[in-house]
file target_10.cif (mmCIF, C-alpha atoms)
data_work
#
loop_
_atom_site.label_atom_id
_atom_site.label_comp_id
_atom_site.auth_asym_id
_atom_site.auth_seq_id
_atom_site.Cartn_x
_atom_site.Cartn_y
_atom_site.Cartn_z
CA MET Z 29 0.00 0.00 0.00
CA ALA Z 30 2.60 2.50 1.12
CA GLY Z 31 4.42 1.89 -2.11
CA ARG Z 32 1.56 3.40 -4.03
CA LEU Z 33 1.19 6.50 -1.91
CA LEU Z 34 2.78 9.73 -2.94
CA ILE Z 35 3.21 12.04 -0.05
CA PHE Z 36 3.92 15.72 -0.42
CA ARG Z 37 5.35 17.54 2.50
CA ARG Z 38 5.73 21.24 2.85
CA LYS Z 39 8.65 20.91 5.20
CA PRO Z 40 10.91 18.03 6.07
CA ALA Z 41 10.06 16.08 9.17
CA GLN Z 42 12.33 16.61 12.10
CA GLN Z 43 14.20 13.68 13.50
CA GLY Z 44 13.69 11.91 16.78
CA ALA Z 45 11.08 11.77 19.47
CA GLU Z 46 11.27 15.49 20.09
CA ALA Z 47 9.82 16.20 16.69
CA GLY Z 48 6.32 15.66 15.47
CA LEU Z 49 5.44 12.69 13.34
CA SER Z 50 5.96 12.93 9.63
CA PRO Z 51 2.81 12.42 7.59
CA ALA Z 52 4.17 9.05 6.51
CA ASP Z 53 4.61 8.02 10.15
CA GLN Z 54 1.16 9.32 11.02
CA GLU Z 55 -0.27 7.22 8.25
CA ARG Z 56 1.70 4.17 9.43
CA PHE Z 57 0.50 4.77 12.98
CA ARG Z 58 -3.11 4.85 11.86
CA ARG Z 59 -2.60 1.70 9.88
CA LEU Z 60 -0.48 -0.33 12.33
CA VAL Z 61 -1.36 0.83 15.84
CA LEU Z 62 -4.84 2.35 15.84
CA PRO Z 63 -6.57 -0.93 14.85
CA HIS Z 64 -5.47 -2.41 18.20
CA LEU Z 65 -7.47 0.09 20.23
CA GLY Z 66 -10.20 -2.38 21.13
CA ALA Z 67 -7.68 -5.03 22.11
CA ALA Z 68 -5.74 -2.54 24.21
CA TYR Z 69 -8.92 -1.56 26.03
CA ASN Z 70 -9.83 -5.18 26.76
CA PHE Z 71 -6.33 -5.84 28.09
CA ALA Z 72 -6.34 -2.74 30.30
CA ARG Z 73 -9.88 -3.44 31.44
CA PHE Z 74 -8.99 -6.92 32.70
CA LEU Z 75 -5.77 -5.74 34.31
CA LEU Z 76 -7.42 -2.84 36.13
CA ARG Z 77 -10.87 -4.36 36.67
CA ASP Z 78 -12.26 -0.90 36.19
CA GLY Z 79 -13.81 0.61 33.06
CA PRO Z 80 -13.12 4.35 33.41
CA ALA Z 81 -9.55 3.71 34.58
CA ALA Z 82 -8.98 1.46 31.55
CA GLU Z 83 -10.26 4.21 29.24
CA ASP Z 84 -7.85 6.70 30.77
CA ILE Z 85 -4.93 4.33 30.48
CA VAL Z 86 -5.66 3.44 26.87
CA HIS Z 87 -6.12 7.08 25.92
CA ASP Z 88 -2.83 7.91 27.53
CA ALA Z 89 -1.10 4.89 26.02
CA PHE Z 90 -2.13 5.97 22.53
CA ILE Z 91 -0.76 9.45 23.01
CA ARG Z 92 2.51 8.03 24.29
CA ALA Z 93 2.65 5.48 21.50
CA PHE Z 94 1.95 8.18 18.92
CA ASN Z 95 4.71 10.39 20.25
CA ALA Z 96 7.15 7.50 20.50
CA PHE Z 97 6.27 6.07 17.11
CA PRO Z 98 9.21 7.51 15.14
CA GLY Z 99 11.47 5.36 17.32
CA PHE Z 100 9.43 2.21 16.83
CA ARG Z 101 11.43 -0.28 14.78
CA GLY Z 102 9.74 -3.53 15.69
CA ASP Z 103 7.49 -5.66 13.55
CA ASN Z 104 4.82 -6.20 16.17
CA PRO Z 105 2.88 -3.01 16.86
CA LYS Z 106 0.26 -4.83 18.94
CA ALA Z 107 2.82 -6.22 21.39
CA TRP Z 108 4.53 -2.84 21.48
CA LEU Z 109 1.28 -1.03 22.29
CA PHE Z 110 0.40 -3.63 24.92
CA ALA Z 111 3.75 -3.14 26.62
CA ILE Z 112 3.01 0.59 26.87
CA VAL Z 113 -0.48 -0.09 28.24
CA ARG Z 114 0.92 -2.52 30.78
CA ASN Z 115 3.63 -0.12 31.86
CA LEU Z 116 1.01 2.57 32.48
CA VAL Z 117 -1.30 0.18 34.28
CA PHE Z 118 1.39 -0.89 36.71
CA SER Z 119 2.79 2.57 37.28
CA SER Z 120 -0.73 3.86 37.84
CA ALA Z 121 -1.55 0.98 40.17
CA ARG Z 122 1.61 1.79 42.09
CA ALA Z 123 0.65 5.45 42.27
CA GLU Z 124 -2.87 4.55 43.40
CA ARG Z 125 -1.53 2.32 46.13
CA ILE Z 126 0.82 4.98 47.39
CA ARG Z 127 -1.96 7.56 47.44
CA ALA Z 128 -4.28 5.10 49.15
CA GLU Z 129 -1.74 4.41 51.85
CA VAL Z 130 -1.14 8.10 52.47
CA PHE Z 131 -4.71 9.37 52.35
CA ALA Z 132 -7.05 6.51 53.06
CA PRO Z 133 -7.48 5.13 56.55
CA GLU Z 134 -8.53 1.74 55.19
CA PRO Z 135 -7.30 -0.24 52.25
CA ALA Z 136 -9.64 -0.70 49.33
CA GLY Z 137 -12.07 -3.62 49.24
CA GLU Z 138 -11.24 -7.16 48.35
CA GLY Z 139 -10.90 -6.54 44.66
CA ALA Z 140 -14.54 -7.08 43.77
CA PRO Z 141 -15.10 -6.06 40.16
CA ALA Z 142 -16.73 -2.67 39.77
CA GLU Z 143 -20.38 -2.77 38.92
CA GLU Z 144 -21.35 -1.17 35.67
CA ASP Z 145 -24.77 0.02 34.71
CA GLY Z 146 -24.50 0.27 30.95
CA PRO Z 147 -27.00 -1.64 28.84
CA GLU Z 148 -24.38 -4.22 27.95
CA ALA Z 149 -23.56 -4.83 31.61
CA LEU Z 150 -27.23 -5.12 32.52
CA ALA Z 151 -27.92 -7.56 29.73
CA ILE Z 152 -25.12 -9.91 30.61
CA ARG Z 153 -25.16 -9.68 34.38
CA GLY Z 154 -25.89 -13.06 35.81
CA SER Z 155 -25.22 -14.77 32.53
CA GLU Z 156 -22.55 -17.31 31.77
CA VAL Z 157 -20.47 -14.67 30.07
CA GLN Z 158 -20.54 -12.56 33.20
CA ALA Z 159 -19.57 -15.59 35.26
CA VAL Z 160 -16.54 -16.13 33.06
CA ARG Z 161 -15.57 -12.46 33.25
CA THR Z 162 -15.89 -12.47 37.01
CA ALA Z 163 -13.84 -15.64 37.31
CA ILE Z 164 -11.09 -14.18 35.12
CA GLU Z 165 -11.08 -10.96 37.10
CA ALA Z 166 -10.76 -12.93 40.30
CA LEU Z 167 -7.53 -14.56 39.09
CA PRO Z 168 -4.49 -13.10 40.80
CA GLU Z 169 -1.81 -11.34 38.84
CA PRO Z 170 0.22 -12.37 36.90
CA PHE Z 171 -1.98 -15.32 35.98
CA ARG Z 172 -4.88 -13.13 34.88
CA GLU Z 173 -2.61 -11.21 32.56
CA ALA Z 174 -1.16 -14.33 30.93
CA LEU Z 175 -4.61 -15.78 30.37
CA VAL Z 176 -6.08 -12.59 28.89
CA LEU Z 177 -3.13 -12.07 26.56
CA ARG Z 178 -3.18 -15.66 25.34
CA GLU Z 179 -6.86 -16.58 25.23
CA LEU Z 180 -8.57 -13.26 24.54
CA GLU Z 181 -5.89 -11.38 22.67
CA GLU Z 182 -4.40 -14.47 21.07
CA LEU Z 183 -0.81 -13.45 21.55
CA SER Z 184 1.78 -16.19 21.04
CA TYR Z 185 3.91 -17.31 23.99
CA ARG Z 186 6.73 -15.28 22.55
CA GLU Z 187 4.56 -12.17 22.30
CA VAL Z 188 3.23 -12.62 25.84
CA ALA Z 189 6.83 -12.94 27.00
CA SER Z 190 7.79 -9.77 25.19
CA VAL Z 191 4.84 -7.78 26.60
CA THR Z 192 5.30 -8.97 30.17
CA GLY Z 193 9.07 -9.18 30.21
CA ALA Z 194 8.95 -12.74 31.52
CA PRO Z 195 10.81 -15.74 30.07
CA ILE Z 196 8.74 -18.03 27.86
CA GLY Z 197 8.94 -20.84 30.41
CA THR Z 198 7.42 -18.54 33.01
CA VAL Z 199 4.69 -17.52 30.58
CA MET Z 200 3.85 -21.18 30.02
CA SER Z 201 3.68 -22.05 33.69
CA ARG Z 202 1.59 -18.96 34.48
CA LEU Z 203 -0.82 -19.79 31.69
CA SER Z 204 -1.10 -23.39 32.80
CA ARG Z 205 -1.75 -22.30 36.39
CA ALA Z 206 -4.25 -19.65 35.24
CA ARG Z 207 -6.23 -22.25 33.33
CA GLN Z 208 -6.18 -24.59 36.29
CA MET Z 209 -7.48 -21.89 38.65
CA LEU Z 210 -10.06 -20.65 36.18
CA ALA Z 211 -11.41 -24.15 35.54
CA ALA Z 212 -11.67 -24.74 39.29
CA ALA Z 213 -13.45 -21.42 39.84
CA LEU Z 214 -15.90 -22.03 37.02
CA SER Z 215 -16.68 -25.58 38.02
CA ASP Z 216 -17.69 -24.23 41.43
CA GLN Z 217 -20.27 -22.01 39.82
CA GLU Z 218 -23.71 -23.15 38.94
CA GLY Z 219 -24.63 -23.37 35.30
CA VAL Z 220 -21.12 -23.09 33.98
CA ARG Z 221 -19.25 -26.10 32.74
CA ALA Z 222 -15.51 -25.99 32.53
CA MET H 12 -7.90 -40.52 35.27
CA SER H 13 -5.60 -37.57 35.00
CA ALA H 14 -3.16 -36.38 32.41
CA CYS H 15 0.47 -37.49 32.42
CA ALA H 16 2.27 -34.76 34.37
CA ASP H 17 5.18 -34.66 31.95
CA ARG H 18 2.87 -34.19 28.98
CA GLU H 19 0.85 -31.31 30.32
CA PRO H 20 3.01 -28.53 28.87
CA MET H 21 2.68 -30.24 25.49
CA LEU H 22 -1.10 -30.32 25.80
CA HIS H 23 -1.14 -26.56 26.41
CA GLY H 24 1.33 -26.09 23.58
CA LEU H 25 -0.89 -28.08 21.24
CA LEU H 26 -3.96 -26.11 22.28
CA ASP H 27 -2.09 -22.85 21.76
CA GLY H 28 -0.64 -23.82 18.40
CA GLU H 29 2.88 -23.42 19.75
CA LEU H 30 4.30 -26.82 18.82
CA ASP H 31 6.33 -27.57 15.77
CA ALA H 32 5.11 -30.33 13.50
CA ALA H 33 7.17 -33.10 15.10
CA ASN H 34 6.06 -32.32 18.64
CA ALA H 35 2.46 -31.77 17.59
CA LEU H 36 2.48 -35.15 15.90
CA ALA H 37 3.99 -36.83 18.97
CA ILE H 38 1.45 -35.43 21.40
CA GLU H 39 -1.47 -36.02 19.05
CA ALA H 40 -0.40 -39.66 18.81
CA HIS H 41 -0.09 -39.88 22.58
CA VAL H 42 -3.55 -38.39 23.11
CA GLN H 43 -4.96 -41.12 20.89
CA VAL H 44 -3.80 -43.80 23.30
CA CYS H 45 -3.97 -42.00 26.66
CA PRO H 46 -7.49 -41.36 27.96
CA GLY H 47 -6.19 -39.14 30.77
CA CYS H 48 -4.41 -36.77 28.40
CA ALA H 49 -7.31 -36.90 25.95
CA ALA H 50 -9.71 -35.84 28.70
CA GLU H 51 -7.38 -33.08 29.85
CA LEU H 52 -7.03 -31.76 26.31
CA GLU H 53 -10.80 -31.75 25.95
CA ARG H 54 -11.14 -29.88 29.26
CA LEU H 55 -8.62 -27.29 28.09
CA ARG H 56 -10.47 -26.87 24.81
CA ALA H 57 -13.80 -26.46 26.58
CA LEU H 58 -12.31 -23.85 28.90
CA SER H 59 -10.81 -22.00 25.95
CA ARG H 60 -14.19 -21.95 24.19
CA LEU H 61 -15.79 -20.58 27.32
CA VAL H 62 -13.23 -17.80 27.70
CA ARG H 63 -13.43 -16.91 24.03
CA ALA H 64 -17.21 -16.83 23.96
CA PRO H 65 -18.57 -13.62 22.43
CA GLY H 66 -19.08 -11.00 25.11
CA VAL H 67 -16.33 -12.08 27.48
CA ALA H 68 -13.79 -9.68 26.01
CA TYR H 69 -14.65 -6.08 26.73
CA ALA H 70 -15.44 -3.80 23.83
CA ALA H 71 -14.02 -0.31 24.01
CA PRO H 72 -16.72 2.19 24.98
CA ALA H 73 -18.25 4.16 22.16
CA GLY H 74 -16.47 7.43 21.80
CA LEU H 75 -13.05 6.34 23.06
CA ALA H 76 -11.69 5.86 19.57
CA ALA H 77 -13.09 9.22 18.50
CA ARG H 78 -11.59 11.01 21.50
CA ILE H 79 -8.19 9.46 20.88
CA GLY H 80 -8.42 10.17 17.16
CA ALA H 81 -9.30 13.81 17.86
CA ASP H 82 -6.30 14.16 20.18
CA LEU H 83 -3.92 12.64 17.68
CA ALA H 84 -5.22 14.86 14.89
CA LYS H 85 -4.34 18.03 16.78
CA ASP H 86 -1.39 19.99 15.49
CA ARG H 87 0.20 19.51 18.85
CA PRO H 88 -0.87 16.25 20.40
CA PRO H 89 -1.32 16.74 24.12
CA ARG H 90 1.31 15.64 26.56
CA PRO H 91 0.50 12.33 28.18
CA ARG H 92 -2.21 13.02 30.69
CA LEU H 93 -0.77 10.90 33.42
CA GLY H 94 2.42 12.90 33.32
CA ARG H 95 3.49 12.02 36.84
CA LEU H 96 4.04 8.44 35.79
CA ALA H 97 6.80 6.70 33.96
CA PRO H 98 8.74 9.48 32.35
CA TRP H 99 9.27 8.39 28.79
CA GLY H 100 11.15 11.47 27.73
CA LEU H 101 8.69 12.21 25.01
CA SER H 102 7.90 15.81 25.72
CA GLY H 103 8.70 18.40 23.14
CA VAL H 104 7.45 20.19 20.16
CA PHE H 105 5.01 18.40 17.94
CA ALA H 106 5.31 20.12 14.64
CA THR H 107 2.90 17.82 12.95
CA ILE H 108 1.99 18.78 9.49
CA ALA H 109 -1.09 16.71 9.02
CA ALA H 110 -2.81 19.56 7.29
CA THR H 111 -0.32 19.39 4.48
CA LEU H 112 -0.75 15.69 4.00
CA LEU H 113 -1.82 14.91 0.52
CA LEU H 114 -2.31 11.40 -0.64
CA VAL H 115 -2.46 10.55 -4.27
CA MET H 116 -3.43 7.07 -5.21
CA LEU H 117 -1.87 5.81 -8.36
CA GLY H 118 -4.32 4.58 -10.89
CA PRO H 119 -5.07 0.91 -11.42
CA GLY H 120 -2.49 0.68 -14.19
CA GLY H 121 0.37 -0.64 -12.07
CA GLU H 122 -1.80 -2.34 -9.55
CA VAL H 123 -1.56 -6.04 -10.30
CA ARG H 124 2.22 -6.00 -10.36
CA GLY H 125 2.09 -4.19 -7.05
CA ILE H 126 -0.12 -6.86 -5.55
CA GLU H 127 2.15 -9.64 -6.82
CA GLY H 128 5.04 -8.00 -5.01
CA GLU H 129 2.98 -7.62 -1.85
CA VAL H 130 1.80 -11.21 -1.97
CA ILE H 131 5.35 -12.52 -2.31
CA ALA H 132 6.54 -10.20 0.44
CA GLY H 133 3.70 -11.47 2.64
CA HIS H 134 4.70 -15.05 1.91
CA VAL H 135 8.37 -14.45 2.70
CA ARG H 136 7.47 -12.52 5.85
CA SER H 137 5.32 -15.39 7.07
CA LEU H 138 8.28 -17.76 6.78
CA GLN H 139 10.85 -15.45 8.32
CA ALA H 140 9.03 -14.15 11.34
CA SER H 141 8.21 -17.61 12.74
CA HIS H 142 4.66 -16.40 12.50
CA LEU H 143 3.34 -18.71 9.86
CA THR H 144 0.09 -19.46 11.62
CA ASP H 145 -1.99 -17.78 14.32
CA VAL H 146 -4.12 -20.86 14.52
CA ALA H 147 -2.10 -23.95 13.71
CA THR H 148 -4.27 -26.93 13.05
CA SER H 149 -5.30 -29.13 10.20
CA ASP H 150 -8.88 -29.00 11.46
CA ARG H 151 -10.82 -26.72 9.14
CA HIS H 152 -13.60 -26.51 11.70
CA THR H 153 -11.12 -24.81 14.00
CA VAL H 154 -9.57 -22.57 11.39
CA LYS H 155 -12.81 -21.23 9.98
CA PRO H 156 -14.39 -19.94 13.20
CA TRP H 157 -11.05 -18.52 14.24
CA PHE H 158 -11.48 -15.83 11.58
CA ASN H 159 -14.91 -14.84 12.90
CA GLY H 160 -14.86 -11.32 14.21
CA LYS H 161 -11.31 -10.73 13.02
CA ILE H 162 -12.23 -9.99 9.45
CA ASP H 163 -15.49 -8.98 7.82
CA PHE H 164 -15.64 -11.86 5.36
CA ALA H 165 -15.51 -15.63 5.59
CA PRO H 166 -12.72 -17.34 3.66
CA PRO H 167 -13.70 -20.85 2.56
CA VAL H 168 -11.55 -23.26 4.57
CA VAL H 169 -10.98 -26.78 3.28
CA ASP H 170 -8.41 -29.43 4.00
CA LEU H 171 -6.77 -30.72 0.85
CA GLN H 172 -4.91 -33.56 2.55
CA ALA H 173 -6.33 -36.08 0.10
CA GLN H 174 -5.02 -34.03 -2.82
CA GLY H 175 -1.57 -33.73 -1.23
CA PHE H 176 -1.97 -30.21 0.20
CA PRO H 177 -2.75 -30.61 3.91
CA LEU H 178 -4.11 -27.57 5.71
CA ALA H 179 -1.60 -26.28 8.28
CA GLY H 180 -3.55 -23.40 9.75
CA GLY H 181 -4.60 -19.81 9.33
CA ARG H 182 -3.30 -16.39 10.08
CA LEU H 183 -4.38 -12.80 9.97
CA ASP H 184 -2.19 -10.74 7.69
CA TYR H 185 -2.07 -7.23 6.37
CA LEU H 186 -1.85 -6.87 2.65
CA HIS H 187 -2.97 -4.60 -0.09
CA GLY H 188 -4.05 -2.00 2.44
CA ARG H 189 -6.35 -4.17 4.52
CA SER H 190 -6.56 -7.08 6.91
CA VAL H 191 -6.67 -10.30 4.96
CA ALA H 192 -7.06 -13.97 5.76
CA ALA H 193 -4.07 -16.19 5.08
CA LEU H 194 -4.69 -19.92 4.86
CA VAL H 195 -1.57 -22.01 5.11
CA PHE H 196 -1.20 -25.30 3.25
CA ARG H 197 1.76 -27.61 2.96
CA ARG H 198 3.17 -29.42 -0.03
CA ARG H 199 5.89 -31.78 1.16
CA GLN H 200 8.41 -29.44 2.80
CA HIS H 201 6.99 -26.37 1.09
CA VAL H 202 4.49 -23.86 2.33
CA ILE H 203 1.64 -22.40 0.33
CA ASN H 204 0.08 -19.17 1.54
CA LEU H 205 -3.40 -18.50 0.25
CA PHE H 206 -4.38 -14.88 0.84
CA VAL H 207 -8.07 -14.08 0.71
CA TRP H 208 -9.87 -10.75 0.72
CA PRO H 209 -13.06 -9.28 -0.74
CA ALA H 210 -12.85 -8.60 -4.45
CA LYS H 211 -13.83 -5.30 -5.93
CA PRO H 212 -17.42 -5.51 -7.14
CA GLY H 213 -17.66 -6.87 -10.63
CA GLU H 214 -13.97 -7.68 -10.87
CA THR H 215 -13.00 -11.06 -12.24
CA LEU H 216 -9.42 -12.21 -12.25
CA SER H 217 -7.75 -15.46 -13.05
CA SER H 218 -4.13 -15.80 -13.87
CA HIS H 219 -0.77 -17.00 -12.68
CA ALA H 220 2.79 -15.85 -12.80
CA SER H 221 6.18 -16.53 -11.43
CA GLN H 222 8.50 -13.94 -10.06
CA GLY H 223 11.87 -14.31 -8.40
CA GLY H 224 11.50 -18.05 -7.81
CA TYR H 225 7.97 -17.81 -6.47
CA SER H 226 4.85 -19.02 -8.19
CA ILE H 227 1.66 -17.05 -7.81
CA ALA H 228 -1.86 -17.87 -8.90
CA TRP H 229 -4.88 -15.68 -8.42
CA TRP H 230 -8.58 -15.81 -9.09
CA THR H 231 -11.88 -14.40 -7.93
CA ARG H 232 -14.85 -16.35 -6.76
CA GLY H 233 -17.97 -15.62 -4.79
CA GLY H 234 -16.99 -11.99 -4.25
CA LEU H 235 -13.58 -12.91 -2.88
CA GLU H 236 -10.15 -12.54 -4.36
CA PHE H 237 -7.67 -15.40 -3.84
CA TRP H 238 -3.90 -15.19 -4.15
CA ALA H 239 -1.87 -18.37 -3.76
CA VAL H 240 1.88 -18.09 -3.44
CA SER H 241 4.62 -20.64 -2.90
CA ASP H 242 8.07 -21.66 -3.97
CA ILE H 243 6.74 -24.84 -5.56
CA ASP H 244 6.68 -24.75 -9.33
CA GLY H 245 3.90 -23.12 -11.28
CA ALA H 246 2.27 -26.33 -12.52
CA GLU H 247 2.06 -27.68 -8.99
CA LEU H 248 0.58 -24.45 -7.70
CA GLU H 249 -1.97 -24.63 -10.50
CA ARG H 250 -2.92 -28.10 -9.26
CA PHE H 251 -3.32 -26.64 -5.80
CA SER H 252 -5.54 -23.82 -7.09
CA ALA H 253 -7.66 -26.27 -9.04
CA ALA H 254 -8.02 -28.57 -6.03
CA TYR H 255 -8.97 -25.67 -3.77
CA ARG H 256 -11.48 -24.28 -6.24
CA GLN H 257 -13.01 -27.67 -6.75
CA ALA H 258 -13.24 -28.39 -3.02
CA THR H 259 -14.75 -25.01 -2.18
CA GLY H 260 -17.10 -25.17 -5.12
CA ALA H 261 -18.43 -28.47 -3.88
CA ALA H 262 -18.60 -27.38 -0.24
#

call {"tool": "encode", "arguments": {"input": "target_10.cif", "output": "structure tokens"}}
result
Amino acid sequence: MAGRLLIFRRKPAQQGAEAGLSPADQERFRRLVLPHLGAAYNFARFLLRDGPAAEDIVHDAFIRAFNAFPGFRGDNPKAWLFAIVRNLVFSSARAERIRAEVFAPEPAGEGAPAEEDGPEALAIRGSEVQAVRTAIEALPEPFREALVLRELEELSYREVASVTGAPIGTVMSRLSRARQMLAAALSDQEGVRA
Amino acid sequence: MSACADREPMLHGLLDGELDAANALAIEAHVQVCPGCAAELERLRALSRLVRAPGVAYAAPAGLAARIGADLAKDRPPRPRLGRLAPWGLSGVFATIAATLLLVMLGPGGEVRGIEGEVIAGHVRSLQASHLTDVATSDRHTVKPWFNGKIDFAPPVVDLQAQGFPLAGGRLDYLHGRSVAALVFRRRQHVINLFVWPAKPGETLSSHASQGGYSIAWWTRGGLEFWAVSDIDGAELERFSAAYRQATGAA
């Protein structure tokens, strides 16, 4: 595709992350990174277990990814974007914890997933799908992350390893353990076979 | 009866399409004779179906894409909003010149040659990046649904084992300016990539060519455009195309 695009620029693009993106890079970004917005949201949503926080993180991740894009040399924009999302999620979780310790007399609740009142949430509450979501969200880190990246986002072991910075062997054992825990949780629930 | 402890990683690997052909064959053979491992594999598959059921993954809220798009289209994209976190050293001047962006599409004159190049590049890329298949299985009933929701068309998936072109799996690829389906077949030690995407309305193609040691064959059918590419010789690729067309015509 890019080979058949002629791009006219009024001024040459500046080099490096301090400069804006060239039109060619902007076009590449739209083509390579933007299509993973939905996946990035799903990933952030399961990591954070909170819708509005996931929106904020994804929005921020896209701005960072956009600004950093001239330096991106990899061949896997999805894994690259996910690594940025994950970095933000964990730095934000750290920041939240620090603030909570300083300002809140009591720690937050036991990690119950936030209730949502959108039509989608209402329609599926109580359903098998909701049971699966709840069971996934109840998985401890880093097992939840491995499962979401592999099963929902269909990343390869190698890609999961690159996003999470863990060796492939660790990815495999986390995934195996995640599946074990999830199957146990779901088999405890009524109406869900696993 | 439970699975053999030493085989469990292989069962996960098989489920996840992470095994090479030799290991996949070994564990598939073992599952045939070991009820414990067979049951465990079935449990893993059932769990995977449950997790991948429509509605489990969260869809991005309406408006998020538009808000992000609007931010990125600004002459000066905003600084990251969570600036207190993870300094990435990305501040600075954003002299974007989106307004001056002018795209000129070349006419259809040079198009087919362009696609041939892209198809070959896609084939070579699939072999180099150890990313031949996203879903590695010879089971067409697994490959076909895998594409659901990933692309807005349904590529006909058939196994041509009997004709000497066993199905090896499927993959999502990006070609010719859009997401396309890639079906992967094998011919002895060779790989055939079959790229599929919606044809332009009313367009009918059917031809073949060879370029730089690669054979290509392309045709349209049922509103889809098919591009087969491999390093097998042209006559053999023609046999593959004929077998595929016959099998999908009958299906």

call {"tool": "closest_residue", "arguments": {"input": "target_10.cif", "among": "Z:Ala194, Z:Ala163, Z:Leu75, Z:Ala211", "to": "chain H", "atoms": "all atoms listed in the file"}}
result
Z:Ala211

call {"tool": "atom_distance", "arguments": {"input": "target_10.cif", "atom1": "atom CA of H:Asp27", "atom2": "atom CA of H:Leu52"}}
result
11.2 Å

call {"tool": "resolve_selection", "arguments": {"input": "target_10.cif", "expression": "the PyMOL selection byres ((chain H and resi 236) around 9)", "output": "list in words"}}
result
Phe206, Val207, Trp208, Pro209, Ala210, Lys211, Glu214, Thr215, Leu216, Trp229, Trp230, Thr231, Arg232, Gly233, Gly234, Leu235, Phe237 and Trp238 of chain H

call {"tool": "closest_residue", "arguments": {"input": "target_10.cif", "among": "H:Ile162, H:Ala147, H:Leu138, H:Ile243", "to": "H:Leu194", "atoms": "all atoms listed in the file"}}
result
H:Ala147

call {"tool": "atom_distance", "arguments": {"input": "target_10.cif", "atom1": "atom CA of Z:Val61", "atom2": "atom CA of Z:Arg77"}}
result
23.5 Å

call {"tool": "closest_residue", "arguments": {"input": "target_10.cif", "among": "Z:Arg56, Z:Arg207, Z:Arg92, Z:Arg186", "to": "Z:Leu109", "atoms": "all atoms listed in the file"}}
result
Z:Arg92

call {"tool": "atom_distance", "arguments": {"input": "target_10.cif", "atom1": "atom CA of Z:Phe171", "atom2": "atom CA of H:Asp17"}}
result
21.0 Å

call {"tool": "resolve_selection", "arguments": {"input": "target_10.cif", "expression": "the PyMOL selection byres ((chain Z and resi 112) around 12)", "output": "mmCIF file with C-alpha atoms, in the coordinates of the input"}}
result
data_model
loop_
_atom_site.group_PDB
_atom_site.id
_atom_site.type_symbol
_atom_site.label_atom_id
_atom_site.label_comp_id
_atom_site.auth_asym_id
_atom_site.auth_seq_id
_atom_site.Cartn_x
_atom_site.Cartn_y
_atom_site.Cartn_z
ATOM 1 C CA VAL Z 61 -1.360 0.830 15.840
ATOM 2 C CA ALA Z 68 -5.740 -2.540 24.210
ATOM 3 C CA PHE Z 71 -6.330 -5.840 28.090
ATOM 4 C CA ALA Z 72 -6.340 -2.740 30.300
ATOM 5 C CA ILE Z 85 -4.930 4.330 30.480
ATOM 6 C CA VAL Z 86 -5.660 3.440 26.870
ATOM 7 C CA HIS Z 87 -6.120 7.080 25.920
ATOM 8 C CA ASP Z 88 -2.830 7.910 27.530
ATOM 9 C CA ALA Z 89 -1.100 4.890 26.020
ATOM 10 C CA PHE Z 90 -2.130 5.970 22.530
ATOM 11 C CA ILE Z 91 -0.760 9.450 23.010
ATOM 12 C CA ARG Z 92 2.510 8.030 24.290
ATOM 13 C CA ALA Z 93 2.650 5.480 21.500
ATOM 14 C CA PHE Z 94 1.950 8.180 18.920
ATOM 15 C CA ASN Z 95 4.710 10.390 20.250
ATOM 16 C CA ALA Z 96 7.150 7.500 20.500
ATOM 17 C CA PHE Z 97 6.270 6.070 17.110
ATOM 18 C CA PRO Z 105 2.880 -3.010 16.860
ATOM 19 C CA LYS Z 106 0.260 -4.830 18.940
ATOM 20 C CA ALA Z 107 2.820 -6.220 21.390
ATOM 21 C CA TRP Z 108 4.530 -2.840 21.480
ATOM 22 C CA LEU Z 109 1.280 -1.030 22.290
ATOM 23 C CA PHE Z 110 0.400 -3.630 24.920
ATOM 24 C CA ALA Z 111 3.750 -3.140 26.620
ATOM 25 C CA VAL Z 113 -0.480 -0.090 28.240
ATOM 26 C CA ARG Z 114 0.920 -2.520 30.780
ATOM 27 C CA ASN Z 115 3.630 -0.120 31.860
ATOM 28 C CA LEU Z 116 1.010 2.570 32.480
ATOM 29 C CA VAL Z 117 -1.300 0.180 34.280
ATOM 30 C CA PHE Z 118 1.390 -0.890 36.710
ATOM 31 C CA SER Z 119 2.790 2.570 37.280
ATOM 32 C CA SER Z 190 7.790 -9.770 25.190
ATOM 33 C CA VAL Z 191 4.840 -7.780 26.600
ATOM 34 C CA THR Z 192 5.300 -8.970 30.170
ATOM 35 C CA GLY Z 193 9.070 -9.180 30.210
ATOM 36 C CA LEU H 96 4.040 8.440 35.790
ATOM 37 C CA ALA H 97 6.800 6.700 33.960
ATOM 38 C CA PRO H 98 8.740 9.480 32.350
ATOM 39 C CA TRP H 99 9.270 8.390 28.790
#

call {"tool": "resolve_selection", "arguments": {"input": "target_10.cif", "expression": "the PyMOL selection byres ((chain Z and resi 167-170) around 10)", "output": "short mmCIF file (atom, residue, chain, number, x, y, z; two decimals) with C-alpha atoms, in the frame of the given file"}}
result
data_model
loop_
_atom_site.label_atom_id
_atom_site.label_comp_id
_atom_site.auth_asym_id
_atom_site.auth_seq_id
_atom_site.Cartn_x
_atom_site.Cartn_y
_atom_site.Cartn_z
CA LEU Z 75 -5.77 -5.74 34.31
CA GLY Z 139 -10.90 -6.54 44.66
CA THR Z 162 -15.89 -12.47 37.01
CA ALA Z 163 -13.84 -15.64 37.31
CA ILE Z 164 -11.09 -14.18 35.12
CA GLU Z 165 -11.08 -10.96 37.10
CA ALA Z 166 -10.76 -12.93 40.30
CA PHE Z 171 -1.98 -15.32 35.98
CA ARG Z 172 -4.88 -13.13 34.88
CA GLU Z 173 -2.61 -11.21 32.56
CA ALA Z 174 -1.16 -14.33 30.93
CA LEU Z 175 -4.61 -15.78 30.37
CA THR Z 192 5.30 -8.97 30.17
CA VAL Z 199 4.69 -17.52 30.58
CA ARG Z 202 1.59 -18.96 34.48
CA LEU Z 203 -0.82 -19.79 31.69
CA ALA Z 206 -4.25 -19.65 35.24
CA ARG Z 207 -6.23 -22.25 33.33
CA MET Z 209 -7.48 -21.89 38.65
CA LEU Z 210 -10.06 -20.65 36.18
CA ALA Z 213 -13.45 -21.42 39.84
#
